[in-house]
>>> print(open('coords27.cif').read())   # mmCIF, C-alpha atoms and all ligand atoms
data_start
#
loop_
_atom_site.label_atom_id
_atom_site.label_comp_id
_atom_site.auth_asym_id
_atom_site.auth_seq_id
_atom_site.Cartn_x
_atom_site.Cartn_y
_atom_site.Cartn_z
CA MET N 946 19.29 -21.63 -4.35
CA SER N 947 19.56 -17.92 -3.62
CA SER N 948 21.73 -16.71 -0.83
CA GLU N 949 21.55 -13.14 0.38
CA TRP N 950 23.94 -10.60 -1.13
CA PRO N 951 26.38 -9.09 1.37
CA LEU N 952 25.66 -5.74 3.00
CA PHE N 953 27.70 -2.67 2.06
CA GLU N 954 27.98 0.65 3.87
CA VAL N 955 27.76 3.71 1.64
CA PHE N 956 29.71 6.96 2.16
CA ILE N 957 29.18 10.05 0.06
CA ARG N 958 31.20 13.21 -0.40
CA GLY N 959 28.51 15.85 -0.64
CA GLN N 960 30.65 18.63 -2.10
CA HIS N 961 34.21 19.18 -3.11
CA GLY N 962 36.33 19.80 -0.05
CA LEU N 963 34.15 17.87 2.40
CA SER N 964 34.76 14.44 3.89
CA HIS N 965 32.78 11.39 2.86
CA ARG N 966 29.87 10.84 5.19
CA HIS N 967 27.99 7.66 6.01
CA VAL N 968 24.54 7.79 4.39
CA GLY N 969 23.22 4.25 4.74
CA SER N 970 23.70 0.75 3.48
CA LEU N 971 22.56 -1.61 0.76
CA HIS N 972 22.93 -5.17 -0.50
CA ALA N 973 24.90 -5.98 -3.64
CA PRO N 974 26.67 -9.03 -5.08
CA ASP N 975 30.04 -7.23 -5.12
CA ALA N 976 31.65 -3.83 -4.60
CA GLU N 977 31.29 -2.78 -8.21
CA MET N 978 27.53 -3.39 -8.17
CA ALA N 979 27.30 -1.78 -4.74
CA LEU N 980 28.71 1.40 -6.26
CA LYS N 981 26.16 1.32 -9.07
CA ASN N 982 23.30 0.65 -6.66
CA ALA N 983 24.51 3.40 -4.32
CA ARG N 984 24.25 5.88 -7.15
CA ASP N 985 20.58 4.96 -7.69
CA VAL N 986 19.64 4.65 -4.04
CA TYR N 987 21.53 7.55 -2.48
CA THR N 988 22.23 10.18 -5.15
CA ARG N 989 18.98 10.70 -7.04
CA ARG N 990 19.15 14.45 -6.37
CA ASN N 991 22.77 15.40 -6.91
CA GLU N 992 23.66 14.56 -3.33
CA GLY N 993 27.28 13.78 -4.07
CA VAL N 994 30.45 14.11 -6.05
CA SER N 995 32.05 10.86 -4.91
CA ILE N 996 30.90 7.53 -3.44
CA TRP N 997 32.74 5.00 -1.28
CA VAL N 998 31.34 1.56 -0.53
CA VAL N 999 32.76 -0.93 1.92
CA GLU N 1000 31.48 -4.34 2.90
CA SER N 1001 29.86 -3.95 6.33
CA ALA N 1002 31.56 -7.08 7.62
CA ARG N 1003 34.97 -5.41 7.09
CA ILE N 1004 34.21 -2.57 9.50
CA THR N 1005 35.59 -2.85 13.00
CA ALA N 1006 33.57 -0.76 15.41
CA SER N 1007 34.10 0.23 19.03
CA SER N 1008 31.41 -1.06 21.35
CA PRO N 1009 29.14 1.21 23.40
CA GLY N 1010 30.50 -0.39 26.59
CA ASP N 1011 33.99 0.95 25.85
CA LYS N 1012 32.81 4.52 26.09
CA GLY N 1013 34.40 5.06 29.50
CA PRO N 1014 37.91 3.71 28.85
CA LEU N 1015 38.04 5.28 25.37
CA TYR N 1016 36.82 8.79 25.98
CA ALA N 1017 36.95 9.52 29.70
CA PRO N 1018 40.75 10.11 29.82
CA SER N 1019 40.51 13.17 27.61
CA GLU N 1020 37.79 14.75 29.71
CA SER N 1021 40.26 15.96 32.34
CA LYS N 1022 42.72 17.39 29.83
CA ILE N 1023 41.07 20.75 29.58
CA TYR N 1024 44.42 22.40 28.76
CA ARG N 1025 43.97 20.99 25.25
CA HIS N 1026 41.38 23.68 24.61
CA PRO N 1027 42.25 27.31 23.85
CA THR N 1028 39.72 28.55 26.42
CA PHE N 1029 41.92 27.13 29.22
CA TYR N 1030 44.39 30.02 28.82
CA ASP N 1031 43.79 33.54 30.09
CA ILE N 1032 45.31 35.92 27.62
CA PRO N 1033 44.91 39.64 28.40
CA ASP N 1034 42.73 41.66 26.02
CA ASP N 1035 45.72 43.92 25.19
CA VAL N 1036 47.37 41.07 23.35
CA GLU N 1037 44.63 41.30 20.74
CA ALA N 1038 44.22 38.61 18.08
CA MET N 1039 45.63 35.22 19.11
CA MET A 1027 0.28 5.96 8.42
CA TYR A 1028 2.43 3.32 6.76
CA ALA A 1029 2.71 1.30 9.94
CA GLN A 1030 -0.83 0.72 11.18
CA MET A 1031 -1.79 -1.44 14.09
CA VAL A 1032 1.74 -2.45 14.95
CA LYS A 1033 1.28 -4.72 17.89
CA THR A 1034 3.64 -3.59 20.64
CA ALA A 1035 5.48 -6.55 22.16
CA GLY A 1036 5.15 -7.17 25.89
CA HIS A 1037 2.17 -6.67 28.15
CA GLY A 1038 1.33 -3.00 28.13
CA ILE A 1039 3.39 -0.26 29.65
CA LYS A 1040 5.87 -1.32 32.28
CA PRO A 1041 5.82 0.79 35.45
CA ARG A 1042 9.19 2.10 36.56
CA ASP A 1043 9.31 0.11 39.79
CA ARG A 1044 8.94 -3.14 37.87
CA MET A 1045 11.84 -2.36 35.53
CA THR A 1046 15.25 -3.95 35.94
CA PRO A 1047 18.11 -1.47 36.49
CA GLN A 1048 19.11 -2.00 32.85
CA GLU A 1049 15.60 -1.24 31.64
CA ARG A 1050 15.45 1.82 33.84
CA ALA A 1051 18.74 3.13 32.44
CA PHE A 1052 17.42 2.52 28.94
CA GLN A 1053 14.19 4.43 29.62
CA ASP A 1054 16.22 7.28 31.14
CA ARG A 1055 18.24 7.60 27.94
CA ILE A 1056 15.04 7.78 25.89
CA ASP A 1057 13.49 10.32 28.27
CA ALA A 1058 16.63 12.44 27.94
CA GLY A 1059 16.18 12.47 24.17
CA GLU A 1060 19.20 10.28 23.41
CA LYS A 1061 19.14 8.08 20.33
CA ILE A 1062 19.44 4.33 20.69
CA GLU A 1063 21.99 2.85 18.29
CA PRO A 1064 22.20 -0.71 16.91
CA LYS A 1065 24.91 -1.97 19.28
CA ASP A 1066 23.33 -0.46 22.40
CA TRP A 1067 21.49 -2.67 24.85
CA MET A 1068 17.72 -2.56 24.37
CA PRO A 1069 14.77 -4.54 25.80
CA ASP A 1070 13.73 -7.48 23.63
CA GLU A 1071 10.22 -6.02 23.33
CA TYR A 1072 11.58 -2.71 22.03
CA ARG A 1073 13.57 -4.58 19.40
CA ALA A 1074 10.65 -6.83 18.41
CA THR A 1075 8.22 -3.93 18.15
CA LEU A 1076 10.62 -1.90 16.03
CA ILE A 1077 11.21 -4.81 13.66
CA ARG A 1078 7.45 -5.04 13.15
CA GLN A 1079 7.02 -1.30 12.73
CA ILE A 1080 9.99 -0.55 10.47
CA GLY A 1081 9.41 -3.76 8.50
CA GLN A 1082 5.77 -2.86 7.91
CA HIS A 1083 6.82 0.63 6.92
CA ALA A 1084 9.38 -0.75 4.42
CA HIS A 1085 6.88 -3.19 2.93
CA SER A 1086 4.40 -0.33 2.49
CA GLU A 1087 6.90 1.71 0.50
CA ILE A 1088 7.60 -1.24 -1.79
CA VAL A 1089 3.99 -2.41 -2.27
CA GLY A 1090 3.00 1.24 -2.57
CA GLN A 1091 4.81 1.41 -5.90
CA LEU A 1092 2.25 -0.89 -7.47
CA PRO A 1093 -0.90 1.29 -7.68
CA GLU A 1094 1.09 4.17 -9.17
CA GLY A 1095 3.43 2.08 -11.29
CA ASN A 1096 0.27 0.94 -13.02
CA TRP A 1097 -0.11 4.40 -14.57
CA ILE A 1098 3.46 5.19 -15.67
CA THR A 1099 2.88 4.00 -19.22
CA ARG A 1100 -0.46 5.79 -19.40
CA ALA A 1101 0.51 9.20 -18.06
CA PRO A 1102 -1.07 11.95 -20.19
CA THR A 1103 2.18 13.76 -21.06
CA LEU A 1104 5.86 12.96 -21.21
CA GLU A 1105 6.50 15.36 -18.35
CA ARG A 1106 3.89 13.72 -16.10
CA LYS A 1107 5.38 10.36 -17.00
CA ALA A 1108 8.90 11.44 -16.01
CA ILE A 1109 7.54 12.88 -12.74
CA LEU A 1110 5.59 9.74 -11.85
CA LEU A 1111 8.56 7.55 -12.70
CA ALA A 1112 10.77 9.64 -10.39
CA LYS A 1113 8.22 9.42 -7.60
CA VAL A 1114 7.83 5.67 -7.86
CA GLN A 1115 11.61 5.31 -7.92
CA ASP A 1116 11.78 7.38 -4.73
CA GLU A 1117 9.37 4.94 -3.07
CA ALA A 1118 11.69 2.06 -3.98
CA GLY A 1119 14.49 4.03 -2.33
CA HIS A 1120 12.36 4.61 0.78
CA GLY A 1121 11.74 0.87 1.02
CA LEU A 1122 15.48 0.22 0.79
CA TYR A 1123 16.44 2.80 3.45
CA LEU A 1124 13.90 1.26 5.80
CA TYR A 1125 14.88 -2.35 5.16
CA SER A 1126 18.48 -1.38 5.98
CA ALA A 1127 17.35 0.34 9.18
CA CYS A 1128 15.36 -2.75 10.14
CA GLU A 1129 18.31 -5.06 9.47
CA THR A 1130 20.39 -3.24 12.07
CA LEU A 1131 18.06 -4.84 14.62
CA GLY A 1132 19.27 -8.31 13.70
CA VAL A 1133 16.73 -9.48 11.12
CA SER A 1134 17.86 -10.19 7.55
CA ARG A 1135 16.41 -8.68 4.38
CA ASP A 1136 15.42 -12.12 3.10
CA GLU A 1137 13.63 -12.93 6.35
CA LEU A 1138 11.63 -9.72 6.11
CA ILE A 1139 10.64 -10.41 2.53
CA ALA A 1140 9.76 -14.02 3.33
CA MET A 1141 7.51 -12.84 6.20
CA LEU A 1142 5.71 -10.41 3.88
CA HIS A 1143 5.18 -13.08 1.26
CA ALA A 1144 3.93 -15.55 3.86
CA GLY A 1145 1.40 -12.98 5.09
CA LYS A 1146 3.12 -12.79 8.49
CA MET A 1147 3.93 -9.11 8.06
CA LYS A 1148 1.60 -6.43 6.78
CA TYR A 1149 1.75 -3.30 4.69
CA SER A 1150 -0.55 -0.27 4.79
CA SER A 1151 -4.21 -0.97 4.00
CA ILE A 1152 -4.29 1.96 1.55
CA PHE A 1153 -2.41 0.06 -1.14
CA ASN A 1154 -5.15 -2.51 -1.39
CA TYR A 1155 -7.37 0.02 -3.13
CA PRO A 1156 -7.23 0.31 -6.92
CA THR A 1157 -6.12 3.31 -8.98
CA LEU A 1158 -8.84 3.37 -11.62
CA ASN A 1159 -7.90 6.43 -13.67
CA TRP A 1160 -5.47 9.32 -13.93
CA ALA A 1161 -7.32 11.42 -11.35
CA ASP A 1162 -6.55 8.71 -8.81
CA ILE A 1163 -2.83 9.33 -9.36
CA GLY A 1164 -3.44 12.96 -8.40
CA ALA A 1165 -5.45 11.97 -5.35
CA VAL A 1166 -2.89 9.38 -4.24
CA GLY A 1167 -0.02 11.87 -4.32
CA TRP A 1168 -2.07 14.55 -2.60
CA LEU A 1169 -3.87 12.46 0.04
CA VAL A 1170 -1.87 9.26 0.50
CA ASP A 1171 1.55 10.89 0.45
CA GLY A 1172 0.05 13.76 2.45
CA ALA A 1173 -1.04 11.33 5.16
CA ALA A 1174 2.29 9.52 4.99
CA ILE A 1175 4.15 12.82 5.47
CA MET A 1176 1.99 13.65 8.50
CA ASN A 1177 3.15 10.40 10.06
CA GLN A 1178 6.77 10.52 8.94
CA VAL A 1179 7.51 14.07 10.02
CA GLN A 1180 6.94 13.18 13.67
CA LEU A 1181 8.93 9.93 13.28
CA GLN A 1182 12.05 11.94 12.49
CA LYS A 1183 12.20 12.33 16.28
CA THR A 1184 11.85 8.62 17.01
CA SER A 1185 14.27 7.13 19.55
CA TYR A 1186 15.93 4.56 17.30
CA GLY A 1187 18.83 6.26 15.45
CA PRO A 1188 18.78 4.36 12.14
CA TYR A 1189 14.97 4.74 11.88
CA ALA A 1190 15.09 8.46 12.66
CA ARG A 1191 17.83 9.04 10.09
CA ALA A 1192 15.92 7.12 7.40
CA MET A 1193 12.90 9.30 8.20
CA VAL A 1194 14.86 12.52 7.79
CA ARG A 1195 16.00 11.38 4.36
CA ILE A 1196 12.53 10.24 3.37
CA CYS A 1197 10.84 13.45 4.52
CA LYS A 1198 13.21 15.50 2.38
CA GLU A 1199 12.14 13.56 -0.67
CA GLU A 1200 8.47 13.27 0.18
CA SER A 1201 7.18 16.80 -0.28
CA PHE A 1202 7.51 16.75 -4.05
CA HIS A 1203 5.29 13.63 -4.02
CA GLN A 1204 2.41 15.47 -2.45
CA ARG A 1205 2.88 18.56 -4.58
CA GLN A 1206 2.91 16.67 -7.88
CA GLY A 1207 -0.35 14.99 -6.81
CA PHE A 1208 -1.97 18.29 -5.89
CA SER A 1209 -0.82 19.79 -9.17
CA ILE A 1210 -2.60 16.97 -11.06
CA MET A 1211 -5.73 17.69 -9.00
CA MET A 1212 -5.53 21.43 -9.73
CA LYS A 1213 -5.28 20.74 -13.44
CA MET A 1214 -8.24 18.37 -13.43
CA ALA A 1215 -10.42 20.42 -11.14
CA ALA A 1216 -9.92 23.39 -13.48
CA GLY A 1217 -10.42 21.28 -16.60
CA THR A 1218 -13.52 20.18 -18.50
CA PRO A 1219 -16.65 19.26 -16.51
CA ALA A 1220 -15.82 15.60 -17.12
CA GLN A 1221 -12.28 16.05 -15.76
CA LYS A 1222 -13.62 17.86 -12.72
CA ARG A 1223 -16.05 14.98 -12.13
CA MET A 1224 -13.13 12.54 -12.25
CA ALA A 1225 -11.23 14.61 -9.68
CA GLN A 1226 -14.28 14.66 -7.40
CA ASP A 1227 -14.79 10.92 -7.81
CA ALA A 1228 -11.15 10.19 -6.95
CA LEU A 1229 -11.37 12.37 -3.84
CA ASN A 1230 -14.63 10.70 -2.77
CA ARG A 1231 -13.22 7.19 -3.15
CA LEU A 1232 -9.84 7.82 -1.53
CA TRP A 1233 -10.89 10.08 1.34
CA PHE A 1234 -11.90 7.45 3.87
CA PRO A 1235 -9.16 4.95 2.97
CA SER A 1236 -6.70 7.85 3.55
CA LEU A 1237 -8.16 8.50 7.01
CA MET A 1238 -7.72 4.79 7.76
CA MET A 1239 -3.99 5.13 7.13
CA PHE A 1240 -3.58 6.56 10.64
CA GLY A 1241 -4.86 3.33 12.18
CA PRO A 1242 -7.82 2.64 14.49
CA PRO A 1243 -9.15 5.26 16.94
CA ASP A 1244 -7.10 5.82 20.09
CA LYS A 1245 -9.71 4.19 22.30
CA ASP A 1246 -9.08 0.92 20.39
CA SER A 1247 -5.28 1.17 20.25
CA ALA A 1248 -4.33 -0.72 23.35
CA HIS A 1249 -0.58 -0.66 22.76
CA THR A 1250 -0.01 2.99 22.05
CA ALA A 1251 1.17 3.89 25.58
CA GLN A 1252 4.24 1.64 25.60
CA SER A 1253 5.25 2.65 22.07
CA MET A 1254 4.92 6.30 23.06
CA ALA A 1255 7.00 5.77 26.20
CA TRP A 1256 9.69 4.28 23.96
CA LYS A 1257 9.29 7.17 21.54
CA ILE A 1258 8.75 4.92 18.58
CA LYS A 1259 5.40 6.56 18.24
CA ILE A 1260 5.30 10.29 18.94
CA ASN A 1261 1.64 11.23 18.32
CA THR A 1262 -1.51 9.18 18.67
CA ASN A 1263 -3.54 7.97 15.68
CA ASP A 1264 -6.36 10.42 16.34
CA GLU A 1265 -4.01 13.39 16.78
CA LEU A 1266 -2.42 12.75 13.41
CA ARG A 1267 -5.76 12.08 11.73
CA GLN A 1268 -7.15 15.37 13.02
CA ARG A 1269 -4.07 17.22 11.84
CA PHE A 1270 -4.45 15.67 8.40
CA VAL A 1271 -8.15 16.59 8.17
CA ASP A 1272 -7.48 20.17 9.28
CA GLN A 1273 -4.74 20.55 6.70
CA THR A 1274 -6.65 18.95 3.85
CA VAL A 1275 -10.16 20.47 4.03
CA PRO A 1276 -9.01 23.98 2.99
CA GLN A 1277 -7.17 22.35 0.07
CA ILE A 1278 -10.39 20.62 -1.02
CA ASP A 1279 -12.12 23.99 -0.89
CA TYR A 1280 -9.29 25.60 -2.82
CA LEU A 1281 -9.71 23.04 -5.61
CA GLY A 1282 -13.39 23.95 -5.78
CA LEU A 1283 -14.38 20.36 -5.08
CA GLU A 1284 -17.14 19.26 -2.76
CA ARG A 1285 -16.14 17.98 0.65
CA PRO A 1286 -16.34 14.17 0.48
CA ASP A 1287 -18.13 13.88 3.82
CA PRO A 1288 -21.16 16.05 4.77
CA ASP A 1289 -19.96 16.06 8.39
CA LEU A 1290 -16.75 17.91 7.52
CA LYS A 1291 -17.54 21.15 9.34
CA TRP A 1292 -15.42 23.59 11.30
CA ASN A 1293 -15.94 23.19 15.01
CA PRO A 1294 -14.51 26.16 16.96
CA ASP A 1295 -14.72 24.27 20.27
CA LYS A 1296 -12.45 21.43 19.24
CA ALA A 1297 -8.88 21.11 20.59
CA ASP A 1298 -9.57 23.20 23.71
CA GLY A 1299 -10.99 26.10 21.74
CA LYS A 1300 -8.31 26.14 19.02
CA GLY A 1301 -10.85 24.63 16.69
CA GLY A 1302 -10.73 21.79 14.19
CA PHE A 1303 -12.90 20.08 11.62
CA ASP A 1304 -15.46 17.52 12.65
CA TYR A 1305 -15.44 14.47 10.41
CA SER A 1306 -17.20 11.11 10.15
CA ASP A 1307 -15.33 8.01 11.08
CA PRO A 1308 -14.24 5.73 8.28
CA ASP A 1309 -15.90 2.33 8.18
CA TRP A 1310 -13.67 0.49 10.63
CA ALA A 1311 -15.19 -2.88 9.73
CA GLU A 1312 -13.94 -2.31 6.18
CA PHE A 1313 -10.51 -1.36 7.53
CA PHE A 1314 -10.18 -4.60 9.50
CA ALA A 1315 -11.41 -6.62 6.52
CA VAL A 1316 -8.78 -5.01 4.26
CA LEU A 1317 -6.04 -5.67 6.81
CA LYS A 1318 -7.14 -9.29 7.00
CA GLY A 1319 -6.62 -9.64 3.27
CA ASN A 1320 -10.10 -8.95 1.97
CA GLY A 1321 -9.63 -5.56 0.31
CA PRO A 1322 -10.23 -5.04 -3.39
CA CYS A 1323 -6.59 -5.59 -4.43
CA ASN A 1324 -4.87 -7.63 -1.68
CA THR A 1325 -4.51 -10.74 -3.83
CA ASP A 1326 -3.17 -8.81 -6.84
CA ARG A 1327 -0.65 -6.87 -4.77
CA MET A 1328 0.79 -9.95 -3.09
CA LYS A 1329 0.89 -11.85 -6.36
CA ALA A 1330 2.80 -8.99 -8.02
CA ARG A 1331 5.35 -8.97 -5.17
CA VAL A 1332 5.82 -12.74 -5.05
CA ASP A 1333 6.09 -12.99 -8.85
CA ALA A 1334 8.69 -10.22 -8.93
CA TRP A 1335 10.71 -11.98 -6.24
CA GLU A 1336 10.51 -15.42 -7.84
CA GLN A 1337 11.02 -14.29 -11.40
CA GLY A 1338 13.99 -12.19 -10.35
CA ALA A 1339 15.73 -15.10 -8.61
CA TRP A 1340 17.84 -15.98 -11.67
CA VAL A 1341 19.16 -12.41 -11.82
CA ARG A 1342 20.16 -12.46 -8.16
CA ASP A 1343 21.75 -15.89 -8.55
CA GLY A 1344 23.51 -14.92 -11.77
CA LEU A 1345 25.06 -11.82 -10.19
CA SER A 1346 26.15 -13.82 -7.15
CA ALA A 1347 27.77 -16.45 -9.39
CA HIS A 1348 29.53 -13.76 -11.40
CA ALA A 1349 30.82 -12.07 -8.24
CA ALA A 1350 32.07 -15.41 -6.83
CA LYS A 1351 33.87 -16.21 -10.08
CA ARG A 1352 35.58 -12.85 -10.21
CA ALA A 1353 36.62 -13.07 -6.58
CA ALA A 1354 38.11 -16.53 -7.20
CA ARG A 1355 39.98 -15.30 -10.27
CA SER A 1356 41.50 -12.32 -8.51
CA ALA A 1357 42.49 -14.53 -5.55
CA GLN A 1358 44.27 -16.85 -8.02
CA GLN A 1359 46.08 -13.93 -9.64
CA THR A 1360 47.23 -12.63 -6.28
CA ALA A 1361 48.52 -16.08 -5.34
CA ALA A 1362 50.43 -16.38 -8.65
CA GLN A 1363 52.27 -13.08 -8.16
FE FE L 1401 7.65 7.04 0.54
FE FE L 1402 5.90 9.23 -1.26
#
>>> encode(input="coords27.cif", output="C-alpha cells", more="lines below")
Ligand SMILES: [Fe+2]
Ligand SMILES: [Fe+2]
Amino acid sequence: MSSEWPLFEVFIRGQHGLSHRHVGSLHAPDAEMALKNARDVYTRRNEGVSIWVVESARITASSPGDKGPLYAPSESKIYRHPTFYDIPDDVEAM
Amino acid sequence: MYAQMVKTAGHGIKPRDRMTPQERAFQDRIDAGEKIEPKDWMPDEYRATLIRQIGQHAHSEIVGQLPEGNWITRAPTLERKAILLAKVQDEAGHGLYLYSACETLGVSRDELIAMLHAGKMKYSSIFNYPTLNWADIGAVGWLVDGAAIMNQVQLQKTSYGPYARAMVRICKEESFHQRQGFSIMMKMAAGTPAQKRMAQDALNRLWFPSLMMFGPPDKDSAHTAQSMAWKIKINTNDELRQRFVDQTVPQIDYLGLERPDPDLKWNPDKADGKGGFDYSDPDWAEFFAVLKGNGPCNTDRMKARVDAWEQGAWVRDGLSAHAAKRAARSAQQTAAQ
C-alpha cells in the first residue's frame, strides 16, 4: 500500500556569492531523490549553482502570533541605524 | 482560465457589519494588499475556495500535458520535438508548484489526486478537446497558453502568498509556450495551401473552446464577488475574455487567416469608447456538457491519469522501501559507533 512521500523544502543559490533562497517544495522518498527532483522541477533554466533540500517537518518556524514579542522590541532602538546620528557635512565621507 | 467555475464557499459576499472582528481584520489585511501566509488565520471559506481553485489549476497543468504529449513523437523536426518536450515538461513543473501551494492549506497531495480521479475535482474544459494534427499543437500553444497567460498574469497579485509566488514562477516560463505555438502557426500559414488550410482548421476548432477557458459570462457567475473581495480572483471572466479577444484578433489577421467567427468586428464604442472587438458567445451548453464529463476526450484523459497513477504505484512503493532500508541501515551504523 502506498504511503505519501515526505515533503521537502528546496533552497537554491542563484549565483555565486548569493545566499540560498527558498523556491518551493516537493515530495521525494529521501533527501537524495529530493535533490534530483529539485534539479528537474526548479532549475530547468539555469536558475542555480547549488541546491539545498531539507525535510519540511524538520523546520521550526515562528508563528504569526509571535510577531509582537519577537520584533516590537527593536522598533524603539532607532540608534541602531546610521540615520539616527547628525554628523556635520564638513566631516565628509563617514 | 485553468480554474473555471470554482464554486466559492460560503453564501455570497459577507457584508462588513456581519463579519466577526477576526474576519474584519483579515479583510483589512487583504484590502491593504498584504499577502496571507499558510500559518496566518483565515476564514474556513477562504481556505476551502482556494483549495478548489489551486487544486483545479494544478490538475489542469497535469492533464494539459496529455493533448500535447500525444504529438512529441510525431513532431516534424528534431528541433520542434525538443521544444515541445521542454514545454510539456514545464507544464509538469507548473502542476507540481501548484500542488505544493495547495498543500500549504492543509490538504495532502494524495487527497488532491484521489479527488481528481474520483471526479470530485475538475480540470479545465479545454483539455477535453482532441489534438488531431500538428497544426493543433501550434494553435494550442498560441491560443490555449495565450488564454492561460491572460489569467495567470493577474493571479500574480492574488492574496494568498504561496499561490502568488507559484504564479510569478509560472508566468516567467509561460511566454515561450505561446511563442512556440505562434511560430508553428506562422510556418504553416505561410506554407503550402494544404498547410494553410490545416492552420485555419485548427484555429476554427479551437477558437470557441479557448474562449470557454475564461468560464461562464459574468451574469452567470454568482460567486465572483466574494472571490474578488478576497483577491483570489482579480478580474472577471468577461474582462479577461475581452482582453484575450482584443489581443488575438490582430494576430489572426497577421497570420493571414480568416477570423473564425463572422461577428469578430471592431466596435469603437466598446469599453467606454476605448473600443474592443465584438464576438459571438461560445456554445455554453457545450461548455457545461464538457465540464460534466461529456466532452470528446474526458474519458480518455481520466483513464490516462488513473492508469499512470496505478501503474506507477510499484515505483513509488519501491523508492519508499529503498529509502526506509537505507535509513534503517544508517541508524544501525550510528548506533554501532
Ligand atoms: Fe502551464
Ligand atoms: Fe503553458
>>> interface_residues(input="coords27.cif", of="chain N", to="chain A", cutoff="7 Å", atoms="all atoms listed in the file", output="list in words")
Ser947, Glu949, Ser970, Leu971, Pro974, Asp975, Val986, Ser1008 and Pro1009 of chain N
>>> atom_distance(input="coords27.cif", atom1="CA of Met1239 (chain A)", atom2="CA of Tyr1186 (chain A)")
22.4 Å
>>> residues_near_ligand(input="coords27.cif", ligand="ligand FE 1402 (chain L)", cutoff="8 Å", atoms="all atoms listed in the file", output="list in words")
Glu1087, Lys1113, Val1114, Asp1116, Glu1117, Gly1167, Val1170, Asp1171, Ala1174, Ile1175, Glu1199, Glu1200, Ser1201, His1203 and Gln1204 of chain A
>>> write_last_selection(input="coords27.cif", atoms="C-alpha atoms", output="JSON list (two decimals), keeping the file's coordinate frame")
[["chain", "number", "residue", "atom", "x", "y", "z"],
["A", 1087, "GLU", "CA", 6.90, 1.71, 0.50],
["A", 1113, "LYS", "CA", 8.22, 9.42, -7.60],
["A", 1114, "VAL", "CA", 7.83, 5.67, -7.86],
["A", 1116, "ASP", "CA", 11.78, 7.38, -4.73],
["A", 1117, "GLU", "CA", 9.37, 4.94, -3.07],
["A", 1167, "GLY", "CA", -0.02, 11.87, -4.32],
["A", 1170, "VAL", "CA", -1.87, 9.26, 0.50],
["A", 1171, "ASP", "CA", 1.55, 10.89, 0.45],
["A", 1174, "ALA", "CA", 2.29, 9.52, 4.99],
["A", 1175, "ILE", "CA", 4.15, 12.82, 5.47],
["A", 1199, "GLU", "CA", 12.14, 13.56, -0.67],
["A", 1200, "GLU", "CA", 8.47, 13.27, 0.18],
["A", 1201, "SER", "CA", 7.18, 16.80, -0.28],
["A", 1203, "HIS", "CA", 5.29, 13.63, -4.02],
["A", 1204, "GLN", "CA", 2.41, 15.47, -2.45]]
>>> residues_around(input="coords27.cif", residues="Asp1272 (chain A)", least_positions_apart="5", cutoff="9 Å", atoms="all atoms listed in the file", output="list in words")
Arg1267, Trp1292, Gly1302 and Phe1303 of chain A
>>> residues_around(input="coords27.cif", residues="Arg1042 (chain A)", least_positions_apart="6", cutoff="10 Å", atoms="only C-alpha atoms", output="list in words")
Glu1049, Arg1050 and Gln1053 of chain A
>>> atom_distance(input="coords27.cif", atom1="CA of Ser1236 (chain A)", atom2="CA of Gln1091 (chain A)")
16.2 Å
>>> closest_residue(input="coords27.cif", among="A:His1085, A:Arg1100, A:Lys1183, A:Arg1285", to="ligand FE 1401 (chain L)", atoms="all atoms listed in the file")
A:His1085
>>> atom_distance(input="coords27.cif", atom1="CA of Ala1101 (chain A)", atom2="CA of Ala1220 (chain A)")
17.6 Å
>>> closest_residue(input="coords27.cif", among="A:Tyr1028, A:Tyr1155, A:Tyr1072, A:Phe1234", to="ligand FE 1401 (chain L)", atoms="all atoms listed in the file")
A:Tyr1028
>>> residues_around(input="coords27.cif", residues="Glu1265 (chain A)", least_positions_apart="2", cutoff="10 Å", atoms="only C-alpha atoms", output="number ranges by chain")
A: 1240, 1243-1244, 1261-1263, 1267-1270, 1297
>>> closest_residue(input="coords27.cif", among="A:Phe1202, A:Trp1160, A:Phe1052, A:Tyr1280", to="ligand FE 1401 (chain L)", atoms="all atoms listed in the file")
A:Phe1202
>>> residues_around(input="coords27.cif", residues="Leu1111 (chain A)", least_positions_apart="4", cutoff="8 Å", atoms="all atoms listed in the file", output="MDAnalysis selection string")
chainID A and resid 1095 1098 1107 1115
>>> residues_around(input="coords27.cif", residues="Gly1187 (chain A)", least_positions_apart="3", cutoff="6 Å", atoms="all atoms listed in the file", output="PDB file with C-alpha atoms, in the frame of the given file")
ATOM      1  CA  LYS A1061      19.140   8.080  20.330  1.00  0.00           C
ATOM      2  CA  ILE A1062      19.440   4.330  20.690  1.00  0.00           C
ATOM      3  CA  GLU A1063      21.990   2.850  18.290  1.00  0.00           C
ATOM      4  CA  ALA A1190      15.090   8.460  12.660  1.00  0.00           C
TER       5      ALA A1190
END
>>> axis_aligned_box(input="coords27.cif", around="region 1208-1222 of chain A", padding_each_side="4 Å", output="lines of an AutoDock Vina configuration file")
center_x = -8.7
center_y = 19.5
center_z = -12.2
size_x = 23.8
size_y = 15.8
size_z = 20.6
